[in-house]
$ cat upload-v8.cif   # mmCIF, C-alpha atoms
data_upload
loop_
_atom_site.label_atom_id
_atom_site.label_comp_id
_atom_site.auth_asym_id
_atom_site.auth_seq_id
_atom_site.Cartn_x
_atom_site.Cartn_y
_atom_site.Cartn_z
CA MET A 1 70.62 85.96 127.36
CA SER A 2 69.60 88.26 130.18
CA ARG A 3 72.18 89.48 132.61
CA ILE A 4 71.92 91.41 135.86
CA SER A 5 73.47 94.74 135.10
CA THR A 6 77.01 95.06 136.38
CA GLY A 7 76.92 98.84 136.10
CA HIS A 8 79.66 98.87 133.49
CA GLY A 9 80.35 97.67 129.98
CA PRO A 10 81.54 94.20 128.96
CA ARG A 11 85.21 93.37 129.34
CA PRO A 12 87.45 90.28 129.04
CA ALA A 13 87.33 88.76 132.51
CA GLY A 14 89.57 85.71 132.03
CA GLY A 15 92.51 87.22 133.87
CA GLY A 16 95.11 86.35 131.25
CA PHE A 17 97.12 88.46 128.81
CA GLU A 18 94.03 89.74 126.97
CA THR A 19 92.59 91.10 130.22
CA PHE A 20 95.91 92.80 130.95
CA SER A 21 96.00 94.16 127.41
CA TRP A 22 92.47 95.57 127.77
CA TYR A 23 93.38 97.48 130.92
CA PHE A 24 96.80 98.41 129.54
CA PHE A 25 95.25 100.23 126.56
CA ARG A 26 93.11 102.32 128.86
CA VAL A 27 95.69 103.10 131.53
CA SER A 28 98.47 103.87 129.02
CA GLY A 29 95.96 105.80 126.93
CA VAL A 30 95.10 108.16 129.77
CA MET A 31 98.78 108.73 130.56
CA LEU A 32 99.53 109.28 126.89
CA ILE A 33 96.86 111.97 126.60
CA PHE A 34 98.79 114.11 129.07
CA LEU A 35 102.24 113.25 127.74
CA VAL A 36 101.32 113.83 124.10
CA ILE A 37 99.45 117.10 124.69
CA ILE A 38 102.41 118.53 126.59
CA HIS A 39 104.81 117.26 123.91
CA LEU A 40 102.76 118.89 121.13
CA ILE A 41 102.54 122.18 123.02
CA ILE A 42 106.30 122.32 123.57
CA MET A 43 107.15 121.44 119.96
CA HIS A 44 104.50 123.43 118.12
CA VAL A 45 103.00 126.12 120.36
CA THR A 46 105.61 127.53 122.71
CA ASN A 47 108.27 126.86 120.08
CA ASP A 48 108.02 126.32 116.37
CA VAL A 49 109.14 122.98 115.00
CA SER A 50 111.86 124.70 112.98
CA CYS A 51 113.35 125.92 116.27
CA THR A 52 113.64 122.44 117.75
CA THR A 53 117.29 122.28 116.74
CA TYR A 54 120.26 120.50 118.25
CA MET A 55 120.69 123.51 120.56
CA PHE A 56 117.05 123.23 121.67
CA VAL A 57 117.48 119.54 122.45
CA SER A 58 120.75 120.17 124.29
CA MET A 59 119.07 122.70 126.56
CA ARG A 60 116.11 120.45 127.24
CA TYR A 61 118.19 117.35 127.86
CA ALA A 62 120.51 119.18 130.23
CA ASN A 63 117.66 118.49 132.65
CA PRO A 64 117.20 114.76 133.21
CA PHE A 65 113.47 115.33 133.80
CA TRP A 66 112.92 115.89 130.08
CA ARG A 67 114.88 112.79 129.16
CA LEU A 68 112.69 110.78 131.50
CA PHE A 69 109.54 112.46 130.22
CA ASP A 70 110.46 111.67 126.63
CA TRP A 71 111.42 108.12 127.55
CA LEU A 72 108.06 107.59 129.23
CA LEU A 73 106.35 108.96 126.13
CA LEU A 74 108.45 106.65 123.94
CA THR A 75 107.75 103.53 126.00
CA LEU A 76 104.05 104.08 126.52
CA ALA A 77 103.34 105.13 122.92
CA LEU A 78 105.37 102.27 121.46
CA THR A 79 103.80 99.58 123.65
CA HIS A 80 100.29 101.05 123.26
CA GLY A 81 100.71 101.19 119.49
CA MET A 82 102.36 97.79 119.06
CA ASN A 83 99.70 96.17 121.23
CA GLY A 84 97.15 97.78 118.90
CA LEU A 85 98.99 96.41 115.88
CA ARG A 86 98.95 92.99 117.55
CA VAL A 87 95.15 93.22 117.89
CA VAL A 88 94.73 94.30 114.26
CA ILE A 89 96.88 91.39 113.01
CA ASP A 90 94.93 89.08 115.29
CA ASP A 91 91.75 90.21 113.55
CA TYR A 92 92.94 89.69 110.00
CA ALA A 93 95.59 86.96 109.92
CA SER A 94 93.97 83.52 109.96
CA SER A 95 96.60 80.95 108.97
CA ALA A 96 98.89 79.81 111.76
CA SER A 97 102.06 80.59 109.83
CA ALA A 98 100.86 84.11 108.88
CA ARG A 99 100.08 84.78 112.52
CA LEU A 100 103.46 83.50 113.64
CA TRP A 101 105.39 85.60 111.14
CA LEU A 102 103.38 88.79 111.57
CA GLN A 103 103.22 88.72 115.36
CA SER A 104 106.94 87.96 115.49
CA ILE A 105 107.58 91.02 113.33
CA VAL A 106 105.54 93.08 115.78
CA GLY A 107 107.70 91.83 118.63
CA VAL A 108 110.94 92.51 116.78
CA LEU A 109 109.82 96.01 115.77
CA LEU A 110 108.91 96.76 119.36
CA LEU A 111 112.31 95.62 120.59
CA VAL A 112 114.35 97.37 117.90
CA PHE A 113 112.58 100.73 118.13
CA PHE A 114 112.53 100.67 121.92
CA MET A 115 116.26 100.08 121.96
CA LEU A 116 116.95 102.77 119.36
CA GLY A 117 114.90 105.36 121.22
CA THR A 118 116.27 104.48 124.65
CA ILE A 119 119.87 104.51 123.45
CA THR A 120 119.35 107.93 121.81
CA LEU A 121 117.89 109.36 125.01
CA ILE A 122 120.49 107.90 127.32
CA THR A 123 123.62 108.56 125.29
CA PHE A 124 122.88 112.08 124.04
CA GLN A 125 125.75 114.36 125.01
CA PRO A 126 125.86 117.69 123.22
CA VAL A 127 128.91 118.27 121.08
CA PRO A 128 130.63 121.30 122.66
CA ALA A 129 131.09 123.10 119.33
CA ALA A 130 127.36 122.96 118.73
CA LEU A 131 126.51 124.97 121.79
CA GLN A 132 127.04 128.17 119.82
CA GLY A 133 124.94 126.79 116.98
CA ALA A 134 121.76 127.92 115.26
CA GLN A 135 118.61 128.15 117.28
CA CYS A 136 116.19 128.19 114.36
CA VAL A 137 117.00 126.74 110.97
CA SER A 138 114.05 127.80 108.90
CA SER A 139 113.87 130.33 106.13
CA PHE A 140 110.42 131.27 107.43
CA THR A 141 111.44 132.15 110.97
CA GLN A 142 114.14 134.64 111.84
CA ALA A 143 117.55 133.00 111.77
CA LYS A 144 119.05 133.44 115.20
CA MET B 1 78.92 98.52 100.73
CA TYR B 2 77.61 98.02 104.22
CA LYS B 3 76.36 101.37 105.49
CA GLY B 4 77.20 101.10 109.14
CA GLN B 5 76.30 103.62 111.79
CA ALA B 6 78.28 105.78 114.18
CA GLY B 7 79.63 102.79 116.10
CA MET B 8 81.20 101.20 113.05
CA TRP B 9 82.78 104.41 111.76
CA SER B 10 84.09 105.38 115.17
CA TRP B 11 85.75 101.97 115.46
CA LEU B 12 87.17 102.16 111.94
CA PHE B 13 88.59 105.68 112.37
CA HIS B 14 90.03 104.69 115.73
CA ARG B 15 91.87 101.78 114.13
CA VAL B 16 93.06 103.72 111.06
CA SER B 17 94.20 106.72 113.11
CA GLY B 18 96.01 104.41 115.53
CA LEU B 19 97.93 102.68 112.75
CA ALA B 20 98.80 106.02 111.14
CA ILE B 21 100.11 107.39 114.43
CA LEU B 22 102.15 104.21 114.97
CA LEU B 23 103.72 104.52 111.52
CA PHE B 24 104.65 108.14 112.23
CA LEU B 25 106.09 107.14 115.62
CA LEU B 26 108.46 104.64 114.04
CA ILE B 27 109.66 107.27 111.55
CA HIS B 28 109.98 109.80 114.39
CA ILE B 29 112.14 107.51 116.53
CA VAL B 30 114.51 107.18 113.58
CA ASP B 31 114.72 110.92 112.86
CA ILE B 32 115.36 111.76 116.50
CA SER B 33 118.11 109.14 116.57
CA MET B 34 119.90 111.48 114.13
CA LEU B 35 120.91 113.37 117.29
CA SER B 36 123.63 110.79 117.75
CA PHE B 37 125.20 111.93 114.50
CA GLY B 38 125.79 115.49 115.62
CA PRO B 39 124.32 118.94 115.08
CA THR B 40 124.84 119.26 111.32
CA VAL B 41 123.06 116.02 110.47
CA TYR B 42 120.32 116.61 113.00
CA ASN B 43 119.60 120.21 112.03
CA ASN B 44 119.37 119.17 108.39
CA SER B 45 116.69 116.67 109.31
CA ILE B 46 114.82 119.44 111.12
CA LEU B 47 114.81 121.43 107.89
CA LEU B 48 112.77 118.62 106.37
CA PHE B 49 109.98 119.21 108.88
CA ASP B 50 109.84 122.85 107.90
CA GLN B 51 108.62 122.20 104.35
CA TRP B 52 104.94 123.03 103.86
CA GLU B 53 104.20 119.54 102.55
CA VAL B 54 105.59 117.97 105.71
CA ARG B 55 103.82 120.55 107.87
CA LEU B 56 100.58 119.53 106.20
CA LEU B 57 101.35 115.90 107.02
CA SER B 58 102.10 116.93 110.60
CA LEU B 59 98.72 118.64 110.77
CA SER B 60 96.94 115.49 109.58
CA LEU B 61 98.92 113.55 112.18
CA ILE B 62 97.70 115.98 114.84
CA ALA B 63 94.15 115.46 113.58
CA ALA B 64 94.62 111.70 113.91
CA ILE B 65 96.00 112.13 117.43
CA PHE B 66 93.10 114.34 118.52
CA TYR B 67 90.50 111.96 117.11
CA HIS B 68 92.19 108.86 118.56
CA ALA B 69 92.53 110.47 122.00
CA PHE B 70 88.98 111.83 122.21
CA ASN B 71 87.39 108.69 120.85
CA GLY B 72 89.54 106.76 123.32
CA ILE B 73 88.00 108.81 126.12
CA ARG B 74 84.58 108.04 124.65
CA ILE B 75 85.42 104.32 124.67
CA MET B 76 86.47 104.50 128.31
CA LEU B 77 83.27 106.30 129.22
CA ILE B 78 81.29 103.52 127.57
CA ASP B 79 83.40 100.92 129.40
CA PHE B 80 83.18 102.41 132.86
CA TRP B 81 79.92 104.35 132.96
CA ALA B 82 76.79 102.25 132.54
CA LYS B 83 74.67 105.02 131.03
CA ALA B 84 77.20 106.04 128.39
CA VAL B 85 76.23 103.31 125.94
CA LYS B 86 72.85 105.02 125.55
CA TYR B 87 74.62 108.21 124.56
CA GLN B 88 77.27 106.68 122.33
CA LYS B 89 76.08 108.49 119.22
CA VAL B 90 75.95 111.84 120.98
CA LEU B 91 79.41 111.19 122.39
CA PHE B 92 80.67 110.41 118.89
CA ALA B 93 79.28 113.70 117.63
CA ILE B 94 81.03 115.49 120.49
CA VAL B 95 84.29 113.72 119.63
CA LEU B 96 84.06 114.91 116.03
CA VAL B 97 83.16 118.48 116.99
CA VAL B 98 85.97 118.79 119.55
CA THR B 99 88.49 117.30 117.10
CA VAL B 100 87.58 119.79 114.40
CA ALA B 101 87.43 122.69 116.87
CA LEU B 102 90.93 122.02 118.21
CA LEU B 103 92.25 121.65 114.67
CA ILE B 104 91.67 125.33 114.07
CA PRO B 105 94.31 126.60 116.52
CA ALA B 106 96.50 123.64 115.52
CA THR B 107 96.40 124.82 111.89
CA TYR B 108 97.41 128.28 113.04
CA PHE B 109 100.44 126.99 114.91
CA VAL B 110 101.61 124.39 112.41
CA MET B 111 100.89 126.13 109.10
CA GLY B 112 101.22 129.70 110.35
CA PRO B 113 104.99 130.02 109.80
CA VAL B 114 104.61 128.84 106.22
CA LEU B 115 101.80 131.23 105.46
CA SER B 116 103.53 134.32 106.82
CA TRP B 117 104.37 135.41 103.31
CA PHE B 118 100.67 135.33 102.59
CA ILE B 119 99.23 136.73 105.83
CA HIS B 120 101.40 138.18 108.49
CA VAL B 121 101.36 135.57 111.25
CA PRO B 122 103.42 136.19 114.36
CA VAL B 123 105.77 133.26 114.67
CA ALA B 124 106.65 131.66 117.96
CA SER B 125 110.36 131.75 118.62
CA VAL B 126 112.65 130.03 121.09
CA SER B 127 112.15 131.71 124.43
CA HIS B 128 114.62 131.72 127.27
#

$ encode --input "upload-v8.cif" --output "structure tokens"
Amino acid sequence: MSRISTGHGPRPAGGGFETFSWYFFRVSGVMLIFLVIIHLIIMHVTNDVSCTTYMFVSMRYANPFWRLFDWLLLTLALTHGMNGLRVVIDDYASSASARLWLQSIVGVLLLVFFMLGTITLITFQPVPAALQGAQCVSSFTQAK
Amino acid sequence: MYKGQAGMWSWLFHRVSGLAILLFLLIHIVDISMLSFGPTVYNNSILLFDQWEVRLLSLSLIAAIFYHAFNGIRIMLIDFWAKAVKYQKVLFAIVLVVTVALLIPATYFVMGPVLSWFIHVPVASVSH
């Protein structure tokens, strides 16, 4: 079948959920590239992971910007990933009951983990006694 | 076994890396929720991430993230730039090279603190 070139690759054009999902992967993917790179740099480059203690989190989360940043990372990564899991299940589950069960599990997982992450981010209040606590807990890095 | 070409492998690695990252994410949400249980519990869970076995797992996670991100960019180029489909194999090669290249500094940062007994590696510390 010959087709006048549209100047771009094929894509689902129906306008329904699958079209939304197709664009959602790409838009969330681009945003995630920036969010994840920054997250990795903070946790592994400018600090070591053994220094990301309760104190470290308290200092970061004193600024609501970081709570929002982390929440955005949580939401986008979780929805991007669960949508991907939905596509994978769609590819391999053929019986109607298997699809119902597995896709329902995807939805439940999305809800449960989104709630757990959001509640953690919103309700975190540092325990006052901890504010004199350890800054690095490793035996490899200097205990401070 | 069907010996596919670059397109098949790139798709397969994209799917596998995506699922691996998702699995880690679910575990990560749970370990961060330990914050709600106070500093002692949370700091003990941080100690887990310091073990060299877990650091090695973290490094493979970072490899998965790099591959998934760069191949994702490749996919978007193919979607939105008409000429890219002609270059898809070259783009795949670039994705692999960049992934491996960035893994070298990543190994330094993630495994460095564990190897300091072996080679002296300056360790990043909390800066104020």

$ resolve_selection --input "upload-v8.cif" --expression "the PyMOL selection byres ((chain A) within 6 of (chain B))" --output "JSON, numbers by chain"
{"A": [7, 8, 9, 47, 48, 50, 53, 54, 81, 117, 120]}

$ atom_distance --input "upload-v8.cif" --atom1 "atom CA of A:Met43" --atom2 "atom CA of B:Phe24"
15.6 Å

$ residues_near_point --input "upload-v8.cif" --point "(85.1, 114.6, 117.9)" --cutoff "10 Å" --atoms "all atoms listed in the file" --output "PyMOL selection string"
chain B and resi 10+66-71+74+91-102

$ residues_near_point --input "upload-v8.cif" --point "(99.3, 96.4, 115.7)" --cutoff "12 Å" --atoms "all atoms listed in the file" --output "PyMOL selection string"
(chain A and resi 78-93+102-107+109-110) or (chain B and resi 15-23)

$ closest_residue --input "upload-v8.cif" --among "A:Ser97, A:His44, A:Tyr61, A:Pro10" --to "A:Trp22" --atoms "all atoms listed in the file"
A:Pro10

$ atom_distance --input "upload-v8.cif" --atom1 "atom CA of B:Lys89" --atom2 "atom CA of B:Leu56"
29.9 Å

$ atom_distance --input "upload-v8.cif" --atom1 "atom CA of A:Val127" --atom2 "atom CA of A:Ile42"
23.1 Å
